[in-house]
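For reference, the structure discussed in these notes is given below.
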Amino acid sequence: MTVAALLAQRGLAVTVYEAQVPGGKLRRFQHAGLSFDTGPSLFTFPGVWRKVLSRLGERDPLDLRPLPGGLGVHHTPFGSVPLPVQEGHPLYLHWRRYVHEVSPLKPHVETLLTTPPRLHSAAFLRASSALGRVTFPHASAEGWLRSRRFPPALHHALAVHSLNAGVGPGQGSVLYALLPALMAGEVSRPASGMGALTDALLAFCAARGVTVFPETPVNDLRGLAHHDRIVSAVDPSRLARLLGRPVPVAPMTVSGVALYSRLPAHLVGLLPATSVITPSDYAQFASSLAARALPPDTLALVHADADLLQESRLALLLTAPASGQIYTVDHPWVRGQVKRVEETLGVSGLLTGEVLALTPKYFAQGGATGGAIYGRAWPAWRAGPFHPEPYRLSGRLWQVGTGVHPGGGLPAVLGGALIVDELMNRA
Ligand SMILES: Cc1cc2nc3c(=O)[nH]c(=O)nc-3n(C[C@H](O)[C@H](O)[C@H](O)COP(=O)(O)OP(=O)(O)OC[C@H]3O[C@@H](n4cnc5c(N)ncnc54)[C@H](O)[C@@H]3O)c2cc1C
């Protein structure tokens, strides 16, 4: 949707073919009398979004609101850590040392998210070398964190953010250990929910004459022969199948079980906006996921949207292997993980009403193999800004989307659209 609006802004006639409904993983569901925006729940790197707006000449319709508590309270085996760590907390001085080292990288990371990765580009080289100066010589998030000798609770809380790459800290690139310092001060959500992003992009497309065909899957690229250029926004493995090319067997990033329900009345006002319950042992966690087995204690995120003026909602996201399976709310593993979350938060009856459950099978429907959220898992040195997938596959075929920018979530999807728009304009 983003690249469609950007190309239409340049005067091109653009058609979007969408197999289901626009929004993909970010989809609005009506359930049990409430509306839920599923998929992404944290809006980060707003500077990337501002660049999209500026290229479109649009004002921001999202009404982004800072999320109380930033990245949330991280419950680790070594104690609870709110990120950002507040003054007065025993870990504050360590957090300040971390932020002091990492936060100057913010503009550079934003550049890497929005600039074509070309070795002859001065902006790309400047940003990459700034990142390299902080990360060298470490290959993984875990290696870098160890070298900084943070107290165990802070180390453990920071390490969980390598899951933004869809892999454990031992495999995630150092960039992901830096994310909390880069994101913590600017975590937000549109006032009317994440679905506002899809609405905004649809409105930008409509204003530029983009034709959108919902429920129109592309099953054969030959059917698009009448278009001069094609931009694929599907996962690269899905595209390979459409092109009749073999799909390499490769390790995949994680999937999840996402549970949405009404926040029980007895918990309204009791839970922070975001709680993160970390796995107790990352090595065991990563090896379970790599073997497509259910980790004994998985990463869980709890979002409690406790706006007393509106209906309060709860989202509980459990990290699961990209197995393409269905794990319902009654599945013993799901029940066990919910119990662990309740015990950690010191509450009961977290999921009492009707629950909407999205599982790896659901995420696989329109996404990557097995429901992997970020597609294929790349080794650390090929992750983040070192895009492993080409933007241009042939003269007229380009690609965007989360699988092209591993582990970036919305900022990388939006940034990738800016990059491809720029490259297509130059081509
Ligand atoms: C539970 C969960 C929590 C997350 N949390 C965050 C977060 O807090 N912050 C963040 O930034 N990111 C988060 N993410 C990641 C973020 O949601 C994704 O990176 C992003 O939404 C992916 O966008 P995309 O357009 O690349 O892919 P998708 O959203 O998967 O879109 C692909 C689209 O292609 C369509 N399609 C597939 N095949 C065809 C075909 N043959 N023809 C036509 N159309 C087709 C699909 O229907 C779909 O609409 C989260 C993801 C999940 C699942």
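Chain labels follow the order of the structure tokens: the first chain is A, the next B, and so on; residue numbering restarts at 1 in every chain, and ligands are counted from 1 in their shown order.
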DSSP strand (DSSP E or B) residues within region 179-247 of chain A, as a list of chain:residue names: A:Ser188, A:Arg189, A:Pro190, A:Thr211, A:Val212, A:Phe213, A:Ile230, A:Val231, A:Ser232
If you keep C-alpha atoms, can you produce a file of those selected residues as a PDB file, in the first residue's frame?
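This went into part.pdb:
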ATOM      1  CA  SER A 188       3.592   5.003  20.274  1.00  0.00           C
ATOM      2  CA  ARG A 189       0.263   3.884  18.843  1.00  0.00           C
ATOM      3  CA  PRO A 190      -2.332   5.788  16.815  1.00  0.00           C
ATOM      4  CA  THR A 211      -7.088   0.894  -7.997  1.00  0.00           C
ATOM      5  CA  VAL A 212      -7.258  -1.660  -5.180  1.00  0.00           C
ATOM      6  CA  PHE A 213      -8.718  -5.113  -5.863  1.00  0.00           C
ATOM      7  CA  ILE A 230       5.360  -5.387 -10.968  1.00  0.00           C
ATOM      8  CA  VAL A 231       6.192  -4.826  -7.305  1.00  0.00           C
ATOM      9  CA  SER A 232       5.743  -7.961  -5.223  1.00  0.00           C
TER      10      SER A 232
END
Write out as a Markdown table the residues of chain A that have any atom within 7 Å of an atom of ligand 1, one row each with the nearest atom pair and its distance in Å to one decimal, counting only C-alpha atoms and all ligand atoms, sorted by chain and then rising number.
| residue | atom | partner | partner_atom_place_in_ligand_line | distance |
| --- | --- | --- | --- | --- |
| A:Tyr17 | CA | ligand 1 | 43 (C) | 5.1 |
| A:Glu18 | CA | ligand 1 | 44 (N) | 3.9 |
| A:Ala19 | CA | ligand 1 | 44 (N) | 3.8 |
| A:Gln20 | CA | ligand 1 | 47 (O) | 4.6 |
| A:Val21 | CA | ligand 1 | 49 (O) | 6.1 |
| A:Pro22 | CA | ligand 1 | 49 (O) | 5.5 |
| A:Gly23 | CA | ligand 1 | 49 (O) | 5.5 |
| A:Gly24 | CA | ligand 1 | 49 (O) | 3.1 |
| A:Lys25 | CA | ligand 1 | 29 (O) | 3.9 |
| A:Leu26 | CA | ligand 1 | 21 (O) | 5.5 |
| A:Thr38 | CA | ligand 1 | 1 (C) | 6.9 |
| A:Gly39 | CA | ligand 1 | 2 (C) | 3.8 |
| A:Pro40 | CA | ligand 1 | 5 (N) | 3.3 |
| A:Ser41 | CA | ligand 1 | 8 (O) | 4.0 |
| A:Leu42 | CA | ligand 1 | 8 (O) | 3.7 |
| A:Phe43 | CA | ligand 1 | 9 (N) | 5.6 |
| A:Thr44 | CA | ligand 1 | 11 (O) | 6.3 |
| A:Thr216 | CA | ligand 1 | 43 (C) | 6.2 |
| A:Pro217 | CA | ligand 1 | 42 (N) | 3.6 |
| A:Val218 | CA | ligand 1 | 42 (N) | 3.8 |
| A:Asn219 | CA | ligand 1 | 41 (N) | 5.4 |
| A:Ala233 | CA | ligand 1 | 34 (O) | 5.9 |
| A:Val234 | CA | ligand 1 | 34 (O) | 4.7 |
| A:Arg238 | CA | ligand 1 | 38 (N) | 6.9 |
| A:Gly256 | CA | ligand 1 | 1 (C) | 6.1 |
| A:Ala258 | CA | ligand 1 | 1 (C) | 5.6 |
| A:Leu317 | CA | ligand 1 | 1 (C) | 6.0 |
| A:Phe363 | CA | ligand 1 | 53 (C) | 6.7 |
| A:Gly366 | CA | ligand 1 | 46 (C) | 4.0 |
| A:Gly367 | CA | ligand 1 | 30 (O) | 4.6 |
| A:Ile373 | CA | ligand 1 | 53 (C) | 5.5 |
| A:Tyr374 | CA | ligand 1 | 19 (O) | 6.3 |
| A:Gly401 | CA | ligand 1 | 26 (O) | 3.4 |
| A:Thr402 | CA | ligand 1 | 26 (O) | 3.7 |
| A:Gly403 | CA | ligand 1 | 26 (O) | 6.4 |
| A:Gly408 | CA | ligand 1 | 19 (O) | 6.3 |
| A:Gly409 | CA | ligand 1 | 19 (O) | 3.3 |
| A:Leu410 | CA | ligand 1 | 11 (O) | 3.7 |
| A:Pro411 | CA | ligand 1 | 11 (O) | 5.9 |
| A:Val413 | CA | ligand 1 | 26 (O) | 5.7 |
Save the residues we just selected, N, CA and C atoms, as a short mmCIF file (atom, residue, chain, number, x, y, z; two decimals), in the first residue's frame?
data_model
loop_
_atom_site.label_atom_id
_atom_site.label_comp_id
_atom_site.auth_asym_id
_atom_site.auth_seq_id
_atom_site.Cartn_x
_atom_site.Cartn_y
_atom_site.Cartn_z
N TYR A 17 -3.31 -5.75 -6.19
CA TYR A 17 -4.06 -7.01 -6.11
C TYR A 17 -3.81 -7.59 -4.72
N GLU A 18 -4.84 -7.74 -3.94
CA GLU A 18 -4.71 -8.22 -2.55
C GLU A 18 -5.54 -9.50 -2.40
N ALA A 19 -4.87 -10.57 -1.94
CA ALA A 19 -5.57 -11.87 -1.83
C ALA A 19 -6.72 -11.82 -0.83
N GLN A 20 -6.53 -11.04 0.26
CA GLN A 20 -7.58 -11.02 1.30
C GLN A 20 -8.12 -9.59 1.42
N VAL A 21 -7.75 -8.91 2.50
CA VAL A 21 -8.14 -7.51 2.63
C VAL A 21 -6.88 -6.70 2.89
N PRO A 22 -6.85 -5.42 2.46
CA PRO A 22 -5.65 -4.62 2.68
C PRO A 22 -5.28 -4.58 4.16
N GLY A 23 -3.97 -4.58 4.42
CA GLY A 23 -3.49 -4.54 5.81
C GLY A 23 -2.63 -5.73 6.15
N GLY A 24 -2.89 -6.87 5.51
CA GLY A 24 -2.08 -8.07 5.78
C GLY A 24 -2.15 -8.44 7.25
N LYS A 25 -0.97 -8.52 7.88
CA LYS A 25 -0.95 -8.94 9.30
C LYS A 25 -1.63 -7.92 10.18
N LEU A 26 -1.67 -6.68 9.71
CA LEU A 26 -2.35 -5.63 10.48
C LEU A 26 -3.81 -5.59 10.01
N THR A 38 -5.20 -6.50 14.90
CA THR A 38 -4.30 -7.62 15.18
C THR A 38 -2.93 -7.39 14.55
N GLY A 39 -1.95 -8.19 14.97
CA GLY A 39 -0.59 -8.07 14.43
C GLY A 39 0.19 -7.01 15.19
N PRO A 40 0.84 -6.08 14.47
CA PRO A 40 1.72 -5.13 15.15
C PRO A 40 0.96 -4.26 16.15
N SER A 41 1.61 -4.03 17.29
CA SER A 41 0.93 -3.21 18.31
C SER A 41 1.79 -2.03 18.75
N LEU A 42 3.09 -2.04 18.39
CA LEU A 42 3.97 -0.93 18.77
C LEU A 42 4.42 -0.19 17.52
N PHE A 43 4.19 1.10 17.48
CA PHE A 43 4.63 1.93 16.36
C PHE A 43 5.97 2.55 16.76
N THR A 44 7.02 2.19 16.03
CA THR A 44 8.37 2.65 16.40
C THR A 44 9.02 3.38 15.22
N THR A 216 -8.45 -10.59 -4.41
CA THR A 216 -8.04 -10.92 -5.78
C THR A 216 -6.61 -11.45 -5.74
N PRO A 217 -6.44 -12.74 -5.40
CA PRO A 217 -5.07 -13.26 -5.33
C PRO A 217 -4.42 -13.33 -6.70
N VAL A 218 -3.12 -13.10 -6.72
CA VAL A 218 -2.36 -13.31 -7.96
C VAL A 218 -1.87 -14.75 -7.91
N ASN A 219 -2.34 -15.56 -8.83
CA ASN A 219 -1.92 -16.96 -8.85
C ASN A 219 -0.94 -17.26 -9.97
N ALA A 233 4.76 -7.63 -3.03
CA ALA A 233 4.80 -7.31 -1.59
C ALA A 233 4.55 -8.58 -0.79
N VAL A 234 4.71 -9.73 -1.43
CA VAL A 234 4.52 -11.00 -0.71
C VAL A 234 5.87 -11.54 -0.29
N ARG A 238 7.01 -17.15 -1.23
CA ARG A 238 5.71 -17.19 -1.92
C ARG A 238 5.89 -16.71 -3.36
N GLY A 256 3.87 -17.04 15.88
CA GLY A 256 3.29 -16.72 17.18
C GLY A 256 1.86 -17.21 17.30
N ALA A 258 -1.38 -15.46 18.78
CA ALA A 258 -1.86 -14.15 19.25
C ALA A 258 -3.28 -14.31 19.76
N LEU A 317 0.52 -12.18 23.27
CA LEU A 317 1.25 -12.72 22.11
C LEU A 317 2.30 -13.70 22.61
N PHE A 363 -1.02 -17.15 10.24
CA PHE A 363 0.03 -16.26 9.73
C PHE A 363 0.65 -16.81 8.44
N GLY A 366 -1.28 -15.80 4.40
CA GLY A 366 -0.89 -14.74 3.47
C GLY A 366 0.58 -14.41 3.56
N GLY A 367 1.30 -15.13 4.45
CA GLY A 367 2.69 -14.76 4.72
C GLY A 367 3.69 -15.83 4.34
N ILE A 373 7.02 -14.91 10.99
CA ILE A 373 6.59 -13.51 10.93
C ILE A 373 7.50 -12.69 10.02
N TYR A 374 8.81 -12.95 10.07
CA TYR A 374 9.75 -12.16 9.26
C TYR A 374 10.37 -12.99 8.14
N GLY A 401 8.49 -5.42 1.33
CA GLY A 401 7.83 -6.21 2.38
C GLY A 401 8.80 -6.71 3.42
N THR A 402 8.24 -7.26 4.47
CA THR A 402 9.04 -7.60 5.65
C THR A 402 10.08 -8.68 5.36
N GLY A 403 9.82 -9.60 4.43
CA GLY A 403 10.78 -10.65 4.11
C GLY A 403 11.98 -10.13 3.35
N GLY A 408 12.44 -6.18 10.51
CA GLY A 408 12.26 -4.74 10.71
C GLY A 408 10.88 -4.34 11.14
N GLY A 409 9.89 -5.23 11.00
CA GLY A 409 8.53 -4.83 11.30
C GLY A 409 8.12 -3.64 10.44
N LEU A 410 7.20 -2.84 10.96
CA LEU A 410 6.65 -1.75 10.16
C LEU A 410 7.69 -0.74 9.69
N PRO A 411 8.67 -0.33 10.53
CA PRO A 411 9.63 0.66 10.02
C PRO A 411 10.38 0.16 8.78
N VAL A 413 9.27 -2.11 6.64
CA VAL A 413 8.33 -2.24 5.51
C VAL A 413 8.12 -0.85 4.88
#
May I have the residues within 8 Å of Ala130 (chain A) as a PyMOL selection string, using only C-alpha atoms and disregarding those fewer than 4 positions away in the same chain? chain A and resi 105+108+126+134
Kindly save the residues from that selection, with C-alpha atoms included, as a PDB file, in the first residue's frame.
ATOM      1  CA  LEU A 105      23.183   6.010  16.249  1.00  0.00           C
ATOM      2  CA  HIS A 108      22.087   6.621  11.227  1.00  0.00           C
ATOM      3  CA  ARG A 126      28.402   7.126   6.686  1.00  0.00           C
ATOM      4  CA  VAL A 134      29.666   0.667  17.955  1.00  0.00           C
TER       5      VAL A 134
END
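Omitting Ala240 (chain A) and its sequence neighbours fewer than 5 positions away, and counting only C-alpha atoms, the residues within 12 Å are A:Asn219, A:Asp220, A:Leu221, A:Ser232, A:Val234, A:Asp235, A:Arg245, A:Pro246, A:Val247, A:Pro248, A:Ala368, A:Thr369, A:Leu393, A:Gln399.
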Quick one: residues within 12 Å of His405 (chain A), only C-alpha atoms, excluding same-chain residues fewer than 3 positions away - as a ChimeraX atom specification? /A:112-114,116-117,164-166,233,235-236,373-378,382-391,399-402,408-417,419-420
Would you save the residues from that selection as a PDB file, in the first residue's frame, using C-alpha atoms?
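Resulting contents of out-v8.pdb:
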ATOM      1  CA  LEU A 112      19.794   2.710   6.907  1.00  0.00           C
ATOM      2  CA  LEU A 113      16.067   2.016   7.070  1.00  0.00           C
ATOM      3  CA  THR A 114      15.284   4.458   4.271  1.00  0.00           C
ATOM      4  CA  PRO A 116      19.255   2.205  -0.774  1.00  0.00           C
ATOM      5  CA  PRO A 117      22.168   0.056   0.504  1.00  0.00           C
ATOM      6  CA  ASN A 164      12.524  -8.281  16.565  1.00  0.00           C
ATOM      7  CA  ALA A 165      14.705 -10.133  14.065  1.00  0.00           C
ATOM      8  CA  GLY A 166      12.599 -13.246  14.644  1.00  0.00           C
ATOM      9  CA  ALA A 233       4.802  -7.309  -1.593  1.00  0.00           C
ATOM     10  CA  ASP A 235       7.123 -13.086   1.069  1.00  0.00           C
ATOM     11  CA  PRO A 236      10.045 -14.032  -1.246  1.00  0.00           C
ATOM     12  CA  ILE A 373       6.595 -13.509  10.929  1.00  0.00           C
ATOM     13  CA  TYR A 374       9.751 -12.161   9.265  1.00  0.00           C
ATOM     14  CA  GLY A 375      10.213 -14.891   6.641  1.00  0.00           C
ATOM     15  CA  ARG A 376      13.522 -16.647   6.322  1.00  0.00           C
ATOM     16  CA  ALA A 377      16.056 -16.388   9.211  1.00  0.00           C
ATOM     17  CA  TRP A 378      19.337 -14.986   7.913  1.00  0.00           C
ATOM     18  CA  ARG A 382      23.084 -10.641   6.520  1.00  0.00           C
ATOM     19  CA  ALA A 383      20.337  -9.191   8.683  1.00  0.00           C
ATOM     20  CA  GLY A 384      19.137  -5.663   9.363  1.00  0.00           C
ATOM     21  CA  PRO A 385      20.586  -3.133   6.941  1.00  0.00           C
ATOM     22  CA  PHE A 386      22.515  -5.715   4.941  1.00  0.00           C
ATOM     23  CA  HIS A 387      19.475  -6.704   2.917  1.00  0.00           C
ATOM     24  CA  PRO A 388      19.864 -10.257   1.714  1.00  0.00           C
ATOM     25  CA  GLU A 389      17.026 -10.093  -0.801  1.00  0.00           C
ATOM     26  CA  PRO A 390      17.415  -7.981  -3.920  1.00  0.00           C
ATOM     27  CA  TYR A 391      14.969  -5.143  -4.459  1.00  0.00           C
ATOM     28  CA  GLN A 399       9.991  -6.570  -4.311  1.00  0.00           C
ATOM     29  CA  VAL A 400       9.182  -4.966  -0.963  1.00  0.00           C
ATOM     30  CA  GLY A 401       7.828  -6.206   2.380  1.00  0.00           C
ATOM     31  CA  THR A 402       9.036  -7.603   5.649  1.00  0.00           C
ATOM     32  CA  GLY A 408      12.258  -4.741  10.706  1.00  0.00           C
ATOM     33  CA  GLY A 409       8.528  -4.827  11.301  1.00  0.00           C
ATOM     34  CA  LEU A 410       6.647  -1.745  10.164  1.00  0.00           C
ATOM     35  CA  PRO A 411       9.635   0.665  10.018  1.00  0.00           C
ATOM     36  CA  ALA A 412      11.461  -1.637   7.593  1.00  0.00           C
ATOM     37  CA  VAL A 413       8.329  -2.235   5.512  1.00  0.00           C
ATOM     38  CA  LEU A 414       7.717   1.531   5.223  1.00  0.00           C
ATOM     39  CA  GLY A 415      11.428   2.257   4.728  1.00  0.00           C
ATOM     40  CA  GLY A 416      11.701  -0.470   2.086  1.00  0.00           C
ATOM     41  CA  ALA A 417       8.842   1.141   0.162  1.00  0.00           C
ATOM     42  CA  ILE A 419      13.876   2.719  -1.039  1.00  0.00           C
ATOM     43  CA  VAL A 420      12.119   0.901  -3.887  1.00  0.00           C
TER      44      VAL A 420
END
Would you kindly return, as a compact mmCIF listing (two decimals) with C-alpha atoms, in the first residue's frame, each protein, DNA or RNA residue with an atom no farther than 9 Å from any atom of Leu301 (chain A), considering only C-alpha atoms and excluding same-chain residues fewer than 3 positions away?
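Final output, saved to out-v4.txt:
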# COMPACT_ATOMS: atom_id res chain seq x y z
CA THR A 274 2.95 -3.54 28.02
CA SER A 275 4.46 -6.45 29.95
CA VAL A 276 7.17 -8.66 28.50
CA ILE A 277 7.75 -12.09 30.04
CA THR A 278 11.11 -13.31 28.80
CA ALA A 315 -3.64 -8.89 23.60
CA LEU A 316 -1.42 -11.79 24.64
CA LEU A 317 1.25 -12.72 22.11
CA LEU A 318 3.15 -15.99 22.59
CA THR A 319 6.22 -16.75 20.48
CA VAL A 341 2.13 -15.27 32.44
Determine which residues of region 42-192 of chain A receive a DSSP assignment of helix (DSSP H, G or I), computed from the backbone, and state them as an NGL selection string. :A and (46-56 or 92-114 or 122-135 or 141-148 or 152-165 or 175-186)
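In this comparison, which uses only C-alpha atoms, the residue of A:Arg292, A:His75, A:Arg229, A:His31 approaching Gly395 (chain A) most closely is A:Arg229.
Interatomic distance, CA of Val302 (chain A) against CA of Leu93 (chain A): 27.1 Å.
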What separates CA of Arg241 (chain A) and CA of Leu6 (chain A) is a distance of 27.1 Å
Nearby residues (only C-alpha atoms) at most 10 Å from Gly11 (chain A), same-chain spacing under 4 positions excluded, as number ranges by chain: A: 5-7, 208-209
Preceding selection exported with C-alpha atoms as an mmCIF file, in the first residue's frame:
data_model
loop_
_atom_site.group_PDB
_atom_site.id
_atom_site.type_symbol
_atom_site.label_atom_id
_atom_site.label_comp_id
_atom_site.auth_asym_id
_atom_site.auth_seq_id
_atom_site.Cartn_x
_atom_site.Cartn_y
_atom_site.Cartn_z
ATOM 1 C CA ALA A 5 0.830 5.467 -2.902
ATOM 2 C CA LEU A 6 4.439 6.571 -3.530
ATOM 3 C CA LEU A 7 4.450 5.396 -7.160
ATOM 4 C CA ARG A 208 -3.900 9.306 -6.017
ATOM 5 C CA GLY A 209 -6.210 7.142 -8.106
#
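Between CA of Arg149 (chain A) and CA of Ala181 (chain A) lies a distance of 16.3 Å.
For the set A:Gly132, A:Pro82, A:Gly193, A:Pro151, the residue with the smallest atom-to-atom gap to Leu175 (chain A) is A:Gly132, counting only C-alpha atoms.
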